[in-house]
Amino acid sequence: MSPVDFNRFSVPIVTGTPRPIVGNQEQQQNTVSGANSFQEIFQRELDTNKEVTFSKHAAQRVAQRQVDLSEDSIERLNQGVQLAKEKGLNETLILVDKTAFIVNVKNNMVVTTVNSGESVGNVFTNIDGTVII
C-alpha cells in the first residue's frame, strides 16, 4: 500500500459529521497552512512575555529577606533568564550582584531568592546551570 499524498486534496479531510464548506478556495488554503500563522503568533507572544514573575514562595522570600528589587536588578535578572534560555537551561541559579535567584527558565518564574547574608554556606541543588550578571 502506497502512502497517500494529502497535499493533493483541496479541502482538509475531516472525520465525523460533515459540515458545509464556507468561503473561497484561498481561505481554505490559508486554513490548511495556518501552522505558519500560529507559529508567528506564538513567537510574538514569547517575545513579549520576557518579564520574569515571582512565585508566591519567592515573593514571600523577597519580603522576608528584604531583597532589593530595583528596575535595574529586574532588568539584569531578565537578561540572565534570556542567557539561560539561549543555553538551553531549565532550572538556573542567577546571581545579580549579591542576590541569588533560582529561576524556572521555561516558565520565566523565580522559584526562590537568597540574599548575600544567607547564601554563605548554602548548597544550591536541582539546578542545571548558573548565570552571573
# chains A, B, ... in the order shown; residues from 1 in each chain; ligands from 1
>>> residues_around(residues="Leu83 (chain A)", least_positions_apart="6", cutoff="12 Å", atoms="only C-alpha atoms", output="PyMOL selection string")
chain A and resi 50+76-77+89-90+92-94+105+129-133
>>> residues_around(residues="Phe54 (chain A)", least_positions_apart="4", cutoff="7 Å", atoms="only C-alpha atoms", output="number ranges by chain")
A: 58-59, 109-111
>>> write_last_selection(atoms="N, CA, C and O atoms", output="short mmCIF file (atom, residue, chain, number, x, y, z; two decimals), in the first residue's frame")
data_model
loop_
_atom_site.label_atom_id
_atom_site.label_comp_id
_atom_site.auth_asym_id
_atom_site.auth_seq_id
_atom_site.Cartn_x
_atom_site.Cartn_y
_atom_site.Cartn_z
N ALA A 58 8.60 32.76 46.35
CA ALA A 58 9.67 33.72 46.07
C ALA A 58 9.29 35.12 46.52
O ALA A 58 10.11 35.86 47.08
N ALA A 59 8.03 35.50 46.32
CA ALA A 59 7.57 36.83 46.76
C ALA A 59 7.66 36.95 48.28
O ALA A 59 8.05 38.00 48.81
N MET A 109 9.83 32.04 35.77
CA MET A 109 9.37 32.24 37.13
C MET A 109 10.50 32.06 38.13
O MET A 109 11.21 31.05 38.12
N VAL A 110 10.64 33.05 39.01
CA VAL A 110 11.59 32.96 40.11
C VAL A 110 10.97 32.05 41.15
O VAL A 110 9.86 32.28 41.61
N VAL A 111 11.69 30.98 41.52
CA VAL A 111 11.18 30.00 42.46
C VAL A 111 11.51 30.41 43.89
O VAL A 111 10.68 30.31 44.79
#
>>> closest_residue(among="A:Ser116, A:Gln66, A:Gln79, A:Thr125", to="Ile102 (chain A)", atoms="only C-alpha atoms")
A:Thr125
>>> atom_distance(atom1="CA of Gly80 (chain A)", atom2="CA of Phe38 (chain A)")
27.8 Å
>>> residues_around(residues="Thr113 (chain A)", least_positions_apart="4", cutoff="8 Å", atoms="only C-alpha atoms", output="ChimeraX atom specification")
/A:58,61-62,99-102
>>> atom_distance(atom1="CA of Asn122 (chain A)", atom2="CA of Lys98 (chain A)")
13.6 Å
>>> closest_residue(among="A:Gln60, A:Ser55, A:Gly117, A:Asp97", to="Ser73 (chain A)", atoms="only C-alpha atoms")
A:Asp97
>>> residues_around(residues="Asn108 (chain A)", least_positions_apart="6", cutoff="8 Å", atoms="only C-alpha atoms", output="ChimeraX atom specification")
/A:50-53,81
>>> atom_distance(atom1="CA of Asp128 (chain A)", atom2="CA of Leu95 (chain A)")
14.0 Å
>>> decode(residues="region 105-119 of chain A", atoms="N, CA, C and O atoms", output="compact mmCIF listing (two decimals), in the first residue's frame")
# COMPACT_ATOMS: atom_id res chain seq x y z
N VAL A 105 13.38 28.56 34.09
CA VAL A 105 13.55 29.32 32.86
C VAL A 105 12.38 29.11 31.90
O VAL A 105 11.92 30.05 31.26
N LYS A 106 11.88 27.89 31.82
CA LYS A 106 10.78 27.57 30.90
C LYS A 106 9.56 28.44 31.19
O LYS A 106 8.91 28.93 30.27
N ASN A 107 9.25 28.65 32.46
CA ASN A 107 8.08 29.43 32.86
C ASN A 107 8.39 30.88 33.18
O ASN A 107 7.49 31.62 33.60
N ASN A 108 9.65 31.30 33.05
CA ASN A 108 10.05 32.67 33.42
C ASN A 108 9.65 32.98 34.86
O ASN A 108 9.17 34.08 35.15
N MET A 109 9.83 32.04 35.77
CA MET A 109 9.37 32.24 37.13
C MET A 109 10.50 32.06 38.13
O MET A 109 11.21 31.05 38.12
N VAL A 110 10.64 33.05 39.01
CA VAL A 110 11.59 32.96 40.11
C VAL A 110 10.97 32.05 41.15
O VAL A 110 9.86 32.28 41.61
N VAL A 111 11.69 30.98 41.52
CA VAL A 111 11.18 30.00 42.46
C VAL A 111 11.51 30.41 43.89
O VAL A 111 10.68 30.31 44.79
N THR A 112 12.73 30.89 44.09
CA THR A 112 13.12 31.40 45.41
C THR A 112 14.28 32.37 45.24
O THR A 112 14.89 32.44 44.17
N THR A 113 14.57 33.08 46.30
CA THR A 113 15.66 34.06 46.27
C THR A 113 16.38 34.06 47.61
O THR A 113 15.77 33.81 48.65
N VAL A 114 17.67 34.31 47.55
CA VAL A 114 18.51 34.33 48.75
C VAL A 114 19.40 35.56 48.65
O VAL A 114 20.03 35.80 47.62
N ASN A 115 19.47 36.34 49.74
CA ASN A 115 20.36 37.50 49.71
C ASN A 115 21.76 37.10 50.17
O ASN A 115 22.00 35.97 50.59
N SER A 116 22.69 38.03 50.11
CA SER A 116 24.10 37.71 50.35
C SER A 116 24.37 37.17 51.75
O SER A 116 25.19 36.29 51.93
N GLY A 117 23.68 37.68 52.74
CA GLY A 117 23.93 37.23 54.11
C GLY A 117 23.55 35.78 54.35
O GLY A 117 24.14 35.09 55.16
N GLU A 118 22.56 35.30 53.63
CA GLU A 118 22.08 33.92 53.82
C GLU A 118 22.68 32.93 52.84
O GLU A 118 22.50 31.73 53.00
N SER A 119 23.40 33.41 51.83
CA SER A 119 23.91 32.50 50.82
C SER A 119 25.22 31.82 51.24
O SER A 119 25.59 30.80 50.68
